[in-house]
Amino acid sequence: MNFKVPRGTQDILPDVSWKWQRVEKIARSICDVYNYKEIRTPIFEQTELFQRTVGDTTDIVQKEMYTFTDRGDRSMTLRPEGTAPVVRSFVEHKMFGYADQPVKLYYTGPMFRYERQQAGRYRQFVQFGVESIGSADPAIDAEVIELAMNIYKKTGLSDIKLVLNSLGDKESRDAHREALIAHFSPRIEEFCSDCQNRLEKNPLRILDCKVDREHPLMTTAPSLADYLNEESSAYFEKVKNYLNIAGIEYEYDPNLVRGLDYYNHTAFEIMSTSKGFGAITTLCGGGRYNGLAEEIGGPPAPGIGFALSIERLLLALEAEGKSFTDEPSLDVYLVTLGDAAREKGFEILSKLRDNGLRSEMDYMDRKMKAQMKSADRLQANHVIVIGEDEVNENVVQLKNMADGEQKKVAVDELMGELKK
Ligand code: HAM
């Protein structure tokens, strides 16, 4: 029987996993600089958490969740996203009581959505996300956006743009909702059954329906921008002002609605503008979610965050021809000839590693030539050769691969020599 990786998932093989680690390291170090701390939540949660927060009428909840009944007859769901779990944890552990607010958190890990597989779209994908919970200051919106942009910048990506919108507060959204219902109702039979259901429950979701994308009423739908009340507009202006102060360029897109229900006010996406990138250009999405903590039983705790997919970041780097190429090389490769040399080599190898030097030796009993080839492939900076003579004299041959220089070094002096 042949087993294969499940559809929509992938194995991250050893020749690529170092690139993932590189991205994670960059993202973590930027979060550290911005004073965000890591949080780790479970990979599954009660199904209701996502139904209530992401929203009953969204594609994610209606079509894409991996939901199962556990042996205790509870409905559980593999997390499709990280915000609801983090806010759940914030409420459960009463982080609203922490002395320092907002509480600034980051996370990374697999998310699960049963989606149609295509380039850049997976059923298991890894998000790196940030949530700042407890402040409604527009400056924190700009901070979160800046942080996201800086992650991309530090990886070397340059063909990206920030797209920004305001979804307004509840009052603005309610007014817009009424306008949408009035707009779509007369011809709602021409839409798919999902959209028909959405009309009363959540007409905004009609706008991101993949089935009815081409319907003429889509382009003439009332824009949320025309329904923002004064408070919402003022908030949006302040966010834009802070972005200007930070020197961050953005493109205003009144049609950016995002596919999750918990958002209000600031909504943003970062897209790849690289020509080589596929049809799906969104690398990162985020926004403000005042009211989410209350939705799940907590006190008011306005928040904002984003999540990016590491898969798409790496694809974007490739599309720009900027994929990482500097795979970490080996410090030392040990070539041993014969059993006595192998024993001596093993002893030296252990010391090298104890001193933090990335080192390797041959375990396949190969000839000298084959061992030297391995040293080349692994881009070893130094090669140590030990044969019978070297064992007898308690020395090694040390070759510097950069300049080809080779010298005899006493075993006792080897570490000092390598540290030079
Ligand atoms: P989202 O827009 O659903 O937002 O997802 C965020 C990012 O995850 C997307 O921009 C995309 O890069 C990546 N992503 C989503 N689905 C897939 C997929 N099937 N395959 C590969 N990558 C994917 C959220 O998840 C929110 N929790 C973000 C957030 C955090 N908002 C506030 N805080």
# chains A, B, ... in the order shown; residues from 1 in each chain; ligands from 1

$ closest_atom_pairs --of "chain A" --to "ligand 1" --cutoff "6 Å" --atoms "only C-alpha atoms and all ligand atoms" --output "tab-separated table"
residue	atom	partner	partner_atom_place_in_ligand_line	distance
A:Glu81	CA	ligand 1	25 (O)	4.4
A:Gly82	CA	ligand 1	27 (N)	5.1
A:Thr83	CA	ligand 1	27 (N)	4.6
A:Arg113	CA	ligand 1	19 (N)	5.8
A:Gly120	CA	ligand 1	21 (C)	5.4
A:Arg121	CA	ligand 1	20 (N)	3.6
A:Tyr122	CA	ligand 1	20 (N)	4.0
A:Arg123	CA	ligand 1	19 (N)	5.4
A:Phe125	CA	ligand 1	21 (C)	5.1
A:Gln127	CA	ligand 1	8 (O)	5.9
A:Gly129	CA	ligand 1	30 (C)	6.0
A:Glu131	CA	ligand 1	33 (N)	5.5
A:Thr282	CA	ligand 1	10 (O)	5.1
A:Leu283	CA	ligand 1	12 (O)	4.0
A:Cys284	CA	ligand 1	10 (O)	3.5
A:Gly285	CA	ligand 1	10 (O)	4.2
A:Gly286	CA	ligand 1	31 (N)	3.7
A:Gly287	CA	ligand 1	32 (C)	4.9
A:Ile304	CA	ligand 1	32 (C)	5.5
A:Gly305	CA	ligand 1	33 (N)	3.4
A:Phe306	CA	ligand 1	30 (C)	3.5
A:Ala307	CA	ligand 1	28 (C)	4.3
A:Leu308	CA	ligand 1	7 (C)	4.4
A:Ser309	CA	ligand 1	12 (O)	4.1

$ select_by_dssp --residues "region 126-292 of chain A" --states "alpha helix (DSSP H)" --output "JSON, numbers by chain"
{"A": [138, 139, 140, 141, 142, 143, 144, 145, 146, 147, 148, 149, 150, 151, 152, 153, 154, 155, 170, 171, 172, 173, 174, 175, 176, 177, 178, 179, 180, 181, 182, 183, 184, 193, 194, 195, 196, 197, 198, 199, 200, 201, 216, 217, 218, 219, 230, 231, 232, 233, 234, 235, 236, 237, 238, 239, 240, 241, 242, 243, 244, 245, 292]}

$ atom_distance --atom1 "CA of Arg366 (chain A)" --atom2 "CA of Ala341 (chain A)"
13.1 Å

$ closest_atom_pairs --of "region 159-178 of chain A" --to "region 209-228 of chain A" --cutoff "8 Å" --atoms "only C-alpha atoms" --output "CSV"
residue,atom,partner,partner_atom,distance
A:Ser166,CA,A:Ala225,CA,7.5
A:Leu167,CA,A:Leu224,CA,6.8
A:Gly168,CA,A:Leu228,CA,5.6
A:Asp169,CA,A:Leu228,CA,7.7
A:Ser172,CA,A:Leu228,CA,4.9
A:Arg173,CA,A:Leu224,CA,7.3
A:Ala175,CA,A:Tyr227,CA,6.4
A:His176,CA,A:Tyr227,CA,5.7

$ write_last_selection --atoms "all heavy atoms" --output "PDB file, in the first residue's frame"
ATOM      1  N   SER A 166     -11.520  50.887   6.532  1.00  0.00           N
ATOM      2  CA  SER A 166     -12.165  50.922   7.840  1.00  0.00           C
ATOM      3  C   SER A 166     -13.529  50.261   7.710  1.00  0.00           C
ATOM      4  O   SER A 166     -14.286  50.548   6.782  1.00  0.00           O
ATOM      5  CB  SER A 166     -12.349  52.352   8.333  1.00  0.00           C
ATOM      6  OG  SER A 166     -13.188  52.315   9.481  1.00  0.00           O
ATOM      7  N   LEU A 167     -13.808  49.353   8.635  1.00  0.00           N
ATOM      8  CA  LEU A 167     -15.119  48.693   8.637  1.00  0.00           C
ATOM      9  C   LEU A 167     -16.083  49.411   9.587  1.00  0.00           C
ATOM     10  O   LEU A 167     -17.229  49.006   9.722  1.00  0.00           O
ATOM     11  CB  LEU A 167     -14.965  47.227   9.039  1.00  0.00           C
ATOM     12  CG  LEU A 167     -14.001  46.405   8.177  1.00  0.00           C
ATOM     13  CD1 LEU A 167     -13.883  44.990   8.709  1.00  0.00           C
ATOM     14  CD2 LEU A 167     -14.463  46.383   6.725  1.00  0.00           C
ATOM     15  N   GLY A 168     -15.577  50.446  10.264  1.00  0.00           N
ATOM     16  CA  GLY A 168     -16.436  51.247  11.127  1.00  0.00           C
ATOM     17  C   GLY A 168     -16.869  50.545  12.396  1.00  0.00           C
ATOM     18  O   GLY A 168     -16.502  49.400  12.648  1.00  0.00           O
ATOM     19  N   ASP A 169     -17.659  51.254  13.188  1.00  0.00           N
ATOM     20  CA  ASP A 169     -18.174  50.659  14.429  1.00  0.00           C
ATOM     21  C   ASP A 169     -19.548  50.030  14.171  1.00  0.00           C
ATOM     22  O   ASP A 169     -20.015  49.992  13.025  1.00  0.00           O
ATOM     23  CB  ASP A 169     -18.245  51.712  15.541  1.00  0.00           C
ATOM     24  CG  ASP A 169     -19.167  52.863  15.171  1.00  0.00           C
ATOM     25  OD1 ASP A 169     -19.835  52.795  14.118  1.00  0.00           O
ATOM     26  OD2 ASP A 169     -19.220  53.845  15.945  1.00  0.00           O
ATOM     27  N   SER A 172     -22.207  52.189  12.329  1.00  0.00           N
ATOM     28  CA  SER A 172     -21.927  52.369  10.903  1.00  0.00           C
ATOM     29  C   SER A 172     -22.250  51.089  10.138  1.00  0.00           C
ATOM     30  O   SER A 172     -22.829  51.122   9.052  1.00  0.00           O
ATOM     31  CB  SER A 172     -20.439  52.689  10.685  1.00  0.00           C
ATOM     32  OG  SER A 172     -20.006  53.682  11.551  1.00  0.00           O
ATOM     33  N   ARG A 173     -21.882  49.982  10.728  1.00  0.00           N
ATOM     34  CA  ARG A 173     -22.094  48.702  10.046  1.00  0.00           C
ATOM     35  C   ARG A 173     -23.575  48.370   9.939  1.00  0.00           C
ATOM     36  O   ARG A 173     -24.024  47.809   8.942  1.00  0.00           O
ATOM     37  CB  ARG A 173     -21.351  47.583  10.773  1.00  0.00           C
ATOM     38  CG  ARG A 173     -19.838  47.696  10.551  1.00  0.00           C
ATOM     39  CD  ARG A 173     -19.091  47.133  11.721  1.00  0.00           C
ATOM     40  NE  ARG A 173     -19.322  45.703  11.860  1.00  0.00           N
ATOM     41  CZ  ARG A 173     -18.576  44.784  11.273  1.00  0.00           C
ATOM     42  NH1 ARG A 173     -17.570  45.148  10.516  1.00  0.00           N
ATOM     43  NH2 ARG A 173     -18.816  43.519  11.463  1.00  0.00           N
ATOM     44  N   ALA A 175     -26.000  50.523   9.675  1.00  0.00           N
ATOM     45  CA  ALA A 175     -26.555  51.372   8.619  1.00  0.00           C
ATOM     46  C   ALA A 175     -26.204  50.796   7.247  1.00  0.00           C
ATOM     47  O   ALA A 175     -27.042  50.724   6.331  1.00  0.00           O
ATOM     48  CB  ALA A 175     -26.015  52.797   8.758  1.00  0.00           C
ATOM     49  N   HIS A 176     -24.968  50.346   7.107  1.00  0.00           N
ATOM     50  CA  HIS A 176     -24.524  49.762   5.844  1.00  0.00           C
ATOM     51  C   HIS A 176     -25.273  48.465   5.544  1.00  0.00           C
ATOM     52  O   HIS A 176     -25.674  48.191   4.413  1.00  0.00           O
ATOM     53  CB  HIS A 176     -23.009  49.498   5.922  1.00  0.00           C
ATOM     54  CG  HIS A 176     -22.427  48.906   4.681  1.00  0.00           C
ATOM     55  ND1 HIS A 176     -21.664  47.780   4.685  1.00  0.00           N
ATOM     56  CD2 HIS A 176     -22.521  49.296   3.379  1.00  0.00           C
ATOM     57  CE1 HIS A 176     -21.297  47.490   3.449  1.00  0.00           C
ATOM     58  NE2 HIS A 176     -21.793  48.398   2.636  1.00  0.00           N
TER      59      HIS A 176
END

$ closest_residue --among "A:Val383, A:Ile270, A:Ile26, A:Val239" --to "Met149 (chain A)" --atoms "only C-alpha atoms"
A:Ile270

$ residues_around --residues "Asn392 (chain A)" --least-positions-apart "5" --cutoff "12 Å" --atoms "only C-alpha atoms" --output "ChimeraX atom specification"
/A:340-341,344,386-387,410-411

$ write_last_selection --atoms "C-alpha atoms" --output "CSV table (one decimal), in the first residue's frame"
chain,number,residue,atom,x,y,z
A,340,ALA,CA,41.6,3.5,15.3
A,341,ALA,CA,41.1,6.8,13.5
A,344,LYS,CA,39.9,9.1,17.8
A,386,ILE,CA,42.9,11.4,10.7
A,387,GLY,CA,44.7,8.3,9.5
A,410,ALA,CA,48.4,18.5,17.9
A,411,VAL,CA,45.0,17.3,19.2

$ closest_residue --among "A:Glu231, A:Val332, A:Lys369, A:Gly338" --to "Glu171 (chain A)" --atoms "only C-alpha atoms"
A:Glu231
